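Okay, structure first, notes after.
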Amino acid sequence: SFSRCLCSFKALQERQRQQMARGLPKQKPITGVKQVIVVASGKGGVGKSTTAVNLALGLTAVNPSKSVGVLDADVHGPSIPKLMNLKGNPELTDNNLMIPLTNYGIPCMSMGFLVDDAAPIVWRGLMVMSAIEKLLRQVNWGSLDYLVVDMPPGTGDVQLSISQNIPVAGAVIVSTPQDIALLDARRGAEMFKKVNVPVLGLVQNMSVFQCPNCHHQTHIFGSDGARRLAETLGVHFLGDIPLHLNIREMSDRGQPVVVSSPDSPEAEAYKKVAAAVVRRLEEVST
């Protein structure tokens, strides 16, 4: 009877697997977009959106022939309009596709362009998913080499839906070096592995603070946590971004450091990460 019980359990598992396989949506590329890079983090507040915009600008800085766009998939807390100094409603093409708003040569699309600045987006899951579908399918991106997607924090519906609906070339996980952020970064990396999205690597944000007066370096959030986690998970380490006043001030002004201070060490750090992302994309696509 034990073996009969085991057989029926295995049959149930197989049936569930078949239903799952049937239930998964068929991946459909975004028209005009060659490669989609998602920027994710296990938790909020680790500088994911700032990393996403500077990565996008870094990709064009390391290879000016490449065209790059940014999609803000954080429906509840859209940051891209502020970071890229963009506001207003997108215009529509003749066939009702939204035209992205552009600054610094980067076309951007965000929920923030479609709702009032101060209006809270108090939506249930189905409405959020419908908004994501619109942002994915009803935007005229023209022709892009890379679309950088700024994901919401966590590992929920939006992350799963994007990973399953469009072919994603790779995921960049952003974390600070502190243990609590690393725990969630680990969950994020494991989720992408589960849905067969290549993890391009980890970015360690706010890695070190250098005093502007005496130049003493302090590891406020601990040191090298993300580098060690990358080793543990067997994923690549893409680089360190310092905790720097210039990054915060320029982000708040809507002037990302890669364009506003292109020769600064902090802009160089983002460009290094961008170059590492390009290298990893080549590795995972061969």
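Identifiers in this document derive from the order of the structure tokens: chains are assigned A, B, ..., residues are numbered from 1 separately in each chain, and ligands are numbered from 1 in order of occurrence.
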
Just want the 12 Å neighbourhood of Leu101 in chain A, counted on only C-alpha atoms, with same-chain residues fewer than 6 positions away dropped. Output as a PyMOL selection string. chain A and resi 69-72+80-81+84-92+107-114+139-141

Non-local contacts of Val258 in chain A (7 Å; only C-alpha atoms; under 4 positions in same chain excluded) as a JSON list (two decimals) with N, CA and C atoms, in the first residue's frame:
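Done, and the output landed in around.json:
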```json
[["chain", "number", "residue", "atom", "x", "y", "z"],
["A", 54, "ASN", "N", 21.75, 54.70, -14.05],
["A", 54, "ASN", "CA", 23.18, 54.90, -14.33],
["A", 54, "ASN", "C", 23.76, 53.75, -15.14],
["A", 57, "LEU", "N", 22.68, 54.59, -18.74],
["A", 57, "LEU", "CA", 23.56, 55.65, -19.26],
["A", 57, "LEU", "C", 24.98, 55.14, -19.44],
["A", 58, "GLY", "N", 25.40, 54.23, -18.54],
["A", 58, "GLY", "CA", 26.73, 53.62, -18.64],
["A", 58, "GLY", "C", 26.86, 52.77, -19.89],
["A", 262, "PRO", "N", 30.70, 62.93, -15.61],
["A", 262, "PRO", "CA", 31.15, 61.72, -16.33],
["A", 262, "PRO", "C", 32.57, 61.26, -16.01],
["A", 267, "ALA", "N", 31.07, 57.84, -11.39],
["A", 267, "ALA", "CA", 30.58, 57.56, -12.75],
["A", 267, "ALA", "C", 31.37, 56.41, -13.36]]
```

Computed interatomic separation between CA of Glu133 in chain A and CA of Gln255 in chain A (Å): 29.0 Å

Near range 235-249 of chain A, 10 Å: range 83-192 of chain A residue rows, closest pairs, only C-alpha atoms, as JSON lines:
```
{"residue": "A:Val172", "atom": "CA", "partner": "A:Leu238", "partner_atom": "CA", "distance": 8.5}
{"residue": "A:Ile173", "atom": "CA", "partner": "A:Leu238", "partner_atom": "CA", "distance": 9.4}
{"residue": "A:Val174", "atom": "CA", "partner": "A:Leu238", "partner_atom": "CA", "distance": 9.8}
{"residue": "A:Thr176", "atom": "CA", "partner": "A:Ile241", "partner_atom": "CA", "distance": 9.4}
{"residue": "A:Pro177", "atom": "CA", "partner": "A:Asp240", "partner_atom": "CA", "distance": 9.9}
{"residue": "A:Ala189", "atom": "CA", "partner": "A:Val235", "partner_atom": "CA", "distance": 8.8}
```

Using the selection just defined, write its residues with N, CA, C and O atoms as an mmCIF file, in the first residue's frame.
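Written output follows (out12.cif):
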```cif
data_model
loop_
_atom_site.group_PDB
_atom_site.id
_atom_site.type_symbol
_atom_site.label_atom_id
_atom_site.label_comp_id
_atom_site.auth_asym_id
_atom_site.auth_seq_id
_atom_site.Cartn_x
_atom_site.Cartn_y
_atom_site.Cartn_z
ATOM 1 N N VAL A 172 20.332 41.653 -13.252
ATOM 2 C CA VAL A 172 21.369 42.260 -12.405
ATOM 3 C C VAL A 172 20.759 42.440 -11.022
ATOM 4 O O VAL A 172 19.698 43.060 -10.886
ATOM 5 N N ILE A 173 21.391 41.867 -10.008
ATOM 6 C CA ILE A 173 20.866 41.968 -8.633
ATOM 7 C C ILE A 173 21.667 43.028 -7.884
ATOM 8 O O ILE A 173 22.899 42.980 -7.853
ATOM 9 N N VAL A 174 20.935 43.989 -7.291
ATOM 10 C CA VAL A 174 21.587 45.069 -6.527
ATOM 11 C C VAL A 174 21.389 44.809 -5.045
ATOM 12 O O VAL A 174 20.276 44.504 -4.598
ATOM 13 N N THR A 176 23.096 46.065 -0.899
ATOM 14 C CA THR A 176 24.120 46.696 -0.069
ATOM 15 C C THR A 176 24.855 45.561 0.650
ATOM 16 O O THR A 176 24.365 44.429 0.678
ATOM 17 N N PRO A 177 26.025 45.844 1.240
ATOM 18 C CA PRO A 177 26.796 44.745 1.837
ATOM 19 C C PRO A 177 26.242 44.186 3.148
ATOM 20 O O PRO A 177 26.783 43.222 3.668
ATOM 21 N N ALA A 189 18.083 36.274 -6.496
ATOM 22 C CA ALA A 189 18.922 35.502 -7.424
ATOM 23 C C ALA A 189 18.346 34.109 -7.637
ATOM 24 O O ALA A 189 18.279 33.610 -8.773
#
```

Kindly give the distance, in Å, that separates CA of His76 in chain A and CA of Pro29 in chain A, rounded to a single decimal.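 Here the two named atoms are 24.6 Å from each other.
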
Just list as a compact mmCIF listing (two decimals) with all heavy atoms, in the first residue's frame whatever in range 49-89 of chain A DSSP marks as strand (DSSP E or B).
```
# COMPACT_ATOMS: atom_id res chain seq x y z
N VAL A 68 19.66 52.55 -25.90
CA VAL A 68 19.21 51.98 -24.62
C VAL A 68 17.95 52.70 -24.15
O VAL A 68 17.85 53.92 -24.24
CB VAL A 68 20.31 52.13 -23.54
CG1 VAL A 68 19.89 51.43 -22.24
CG2 VAL A 68 21.65 51.58 -24.02
N GLY A 69 16.99 51.93 -23.65
CA GLY A 69 15.78 52.50 -23.06
C GLY A 69 15.62 52.02 -21.62
O GLY A 69 16.27 51.06 -21.20
N VAL A 70 14.76 52.72 -20.86
CA VAL A 70 14.49 52.32 -19.46
C VAL A 70 12.99 52.16 -19.26
O VAL A 70 12.20 53.05 -19.59
CB VAL A 70 15.04 53.36 -18.46
CG1 VAL A 70 14.60 53.01 -17.03
CG2 VAL A 70 16.56 53.43 -18.51
N LEU A 71 12.61 50.99 -18.73
CA LEU A 71 11.21 50.74 -18.37
C LEU A 71 11.11 50.65 -16.85
O LEU A 71 11.81 49.85 -16.22
CB LEU A 71 10.71 49.43 -19.00
CG LEU A 71 9.34 48.93 -18.54
CD1 LEU A 71 8.24 49.92 -18.89
CD2 LEU A 71 9.03 47.58 -19.15
N ASP A 72 10.27 51.48 -16.27
CA ASP A 72 10.05 51.50 -14.82
C ASP A 72 8.89 50.56 -14.51
O ASP A 72 7.73 50.89 -14.75
CB ASP A 72 9.71 52.94 -14.42
CG ASP A 72 9.62 53.15 -12.93
OD1 ASP A 72 9.66 52.15 -12.19
OD2 ASP A 72 9.52 54.31 -12.49
```

Just want the 9 Å neighbourhood of Arg280 in chain A, counted on only C-alpha atoms, with same-chain residues fewer than 5 positions away dropped. Output as a ChimeraX atom specification. /A:170,200-201,236,275,285

Near Asp150 in chain A, counting only C-alpha atoms, which residues have an atom at most 8 Å away, once you skip same-chain residues fewer than 4 positions from it, shown as a PDB file with all heavy atoms, in the first residue's frame?
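part.pdb written:
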```pdb
ATOM      1  N   VAL A  38      16.962  43.007 -16.694  1.00  0.00           N
ATOM      2  CA  VAL A  38      16.181  43.432 -15.526  1.00  0.00           C
ATOM      3  C   VAL A  38      17.130  43.751 -14.369  1.00  0.00           C
ATOM      4  O   VAL A  38      18.111  43.055 -14.151  1.00  0.00           O
ATOM      5  CB  VAL A  38      15.119  42.379 -15.104  1.00  0.00           C
ATOM      6  CG1 VAL A  38      14.096  42.177 -16.197  1.00  0.00           C
ATOM      7  CG2 VAL A  38      15.745  41.059 -14.717  1.00  0.00           C
ATOM      8  N   VAL A  39      16.827  44.862 -13.678  1.00  0.00           N
ATOM      9  CA  VAL A  39      17.606  45.247 -12.493  1.00  0.00           C
ATOM     10  C   VAL A  39      16.706  45.037 -11.294  1.00  0.00           C
ATOM     11  O   VAL A  39      15.626  45.630 -11.196  1.00  0.00           O
ATOM     12  CB  VAL A  39      18.081  46.713 -12.586  1.00  0.00           C
ATOM     13  CG1 VAL A  39      18.870  47.099 -11.340  1.00  0.00           C
ATOM     14  CG2 VAL A  39      18.941  46.918 -13.838  1.00  0.00           C
ATOM     15  N   ALA A  40      17.131  44.151 -10.398  1.00  0.00           N
ATOM     16  CA  ALA A  40      16.249  43.725  -9.309  1.00  0.00           C
ATOM     17  C   ALA A  40      16.974  43.771  -7.971  1.00  0.00           C
ATOM     18  O   ALA A  40      18.201  43.861  -7.913  1.00  0.00           O
ATOM     19  CB  ALA A  40      15.767  42.297  -9.585  1.00  0.00           C
ATOM     20  N   LYS A  48      18.406  50.501  -6.108  1.00  0.00           N
ATOM     21  CA  LYS A  48      18.208  49.758  -7.360  1.00  0.00           C
ATOM     22  C   LYS A  48      17.885  50.691  -8.533  1.00  0.00           C
ATOM     23  O   LYS A  48      18.446  50.551  -9.618  1.00  0.00           O
ATOM     24  CB  LYS A  48      17.088  48.740  -7.143  1.00  0.00           C
ATOM     25  CG  LYS A  48      16.612  48.008  -8.357  1.00  0.00           C
ATOM     26  CD  LYS A  48      15.442  47.106  -8.027  1.00  0.00           C
ATOM     27  CE  LYS A  48      14.365  47.790  -7.228  1.00  0.00           C
ATOM     28  NZ  LYS A  48      13.738  48.952  -7.931  1.00  0.00           N
ATOM     29  N   SER A  49      16.979  51.650  -8.332  1.00  0.00           N
ATOM     30  CA  SER A  49      16.561  52.537  -9.432  1.00  0.00           C
ATOM     31  C   SER A  49      17.710  53.445  -9.870  1.00  0.00           C
ATOM     32  O   SER A  49      17.912  53.680 -11.064  1.00  0.00           O
ATOM     33  CB  SER A  49      15.359  53.386  -9.010  1.00  0.00           C
ATOM     34  OG  SER A  49      14.274  52.544  -8.674  1.00  0.00           O
ATOM     35  N   ALA A  52      19.866  51.378 -11.891  1.00  0.00           N
ATOM     36  CA  ALA A  52      19.267  51.097 -13.203  1.00  0.00           C
ATOM     37  C   ALA A  52      19.499  52.242 -14.188  1.00  0.00           C
ATOM     38  O   ALA A  52      19.911  52.013 -15.331  1.00  0.00           O
ATOM     39  CB  ALA A  52      17.773  50.807 -13.050  1.00  0.00           C
ATOM     40  N   VAL A  70      14.758  52.716 -20.858  1.00  0.00           N
ATOM     41  CA  VAL A  70      14.490  52.316 -19.465  1.00  0.00           C
ATOM     42  C   VAL A  70      12.986  52.156 -19.262  1.00  0.00           C
ATOM     43  O   VAL A  70      12.202  53.051 -19.591  1.00  0.00           O
ATOM     44  CB  VAL A  70      15.045  53.358 -18.457  1.00  0.00           C
ATOM     45  CG1 VAL A  70      14.598  53.012 -17.031  1.00  0.00           C
ATOM     46  CG2 VAL A  70      16.563  53.427 -18.515  1.00  0.00           C
ATOM     47  N   LEU A  71      12.607  50.990 -18.726  1.00  0.00           N
ATOM     48  CA  LEU A  71      11.208  50.742 -18.368  1.00  0.00           C
ATOM     49  C   LEU A  71      11.112  50.649 -16.852  1.00  0.00           C
ATOM     50  O   LEU A  71      11.807  49.850 -16.223  1.00  0.00           O
ATOM     51  CB  LEU A  71      10.713  49.435 -18.998  1.00  0.00           C
ATOM     52  CG  LEU A  71       9.339  48.930 -18.541  1.00  0.00           C
ATOM     53  CD1 LEU A  71       8.242  49.919 -18.890  1.00  0.00           C
ATOM     54  CD2 LEU A  71       9.029  47.577 -19.150  1.00  0.00           C
ATOM     55  N   ASP A  72      10.266  51.479 -16.268  1.00  0.00           N
ATOM     56  CA  ASP A  72      10.049  51.504 -14.824  1.00  0.00           C
ATOM     57  C   ASP A  72       8.890  50.560 -14.512  1.00  0.00           C
ATOM     58  O   ASP A  72       7.732  50.892 -14.752  1.00  0.00           O
ATOM     59  CB  ASP A  72       9.710  52.942 -14.419  1.00  0.00           C
ATOM     60  CG  ASP A  72       9.619  53.146 -12.929  1.00  0.00           C
ATOM     61  OD1 ASP A  72       9.658  52.145 -12.194  1.00  0.00           O
ATOM     62  OD2 ASP A  72       9.516  54.313 -12.487  1.00  0.00           O
ATOM     63  N   ALA A  73       9.205  49.364 -14.009  1.00  0.00           N
ATOM     64  CA  ALA A  73       8.154  48.373 -13.731  1.00  0.00           C
ATOM     65  C   ALA A  73       7.676  48.453 -12.280  1.00  0.00           C
ATOM     66  O   ALA A  73       6.883  47.623 -11.844  1.00  0.00           O
ATOM     67  CB  ALA A  73       8.675  46.970 -14.035  1.00  0.00           C
ATOM     68  N   ASP A  74       8.155  49.442 -11.536  1.00  0.00           N
ATOM     69  CA  ASP A  74       7.715  49.608 -10.151  1.00  0.00           C
ATOM     70  C   ASP A  74       6.449  50.458 -10.152  1.00  0.00           C
ATOM     71  O   ASP A  74       6.497  51.686 -10.082  1.00  0.00           O
ATOM     72  CB  ASP A  74       8.822  50.266  -9.310  1.00  0.00           C
ATOM     73  CG  ASP A  74       8.552  50.155  -7.824  1.00  0.00           C
ATOM     74  OD1 ASP A  74       7.399  49.856  -7.454  1.00  0.00           O
ATOM     75  OD2 ASP A  74       9.485  50.371  -7.025  1.00  0.00           O
TER      76      ASP A  74
END
```

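Picture a line from CA of Gln138 in chain A to CA of Gln27 in chain A; it runs 15.9 Å.
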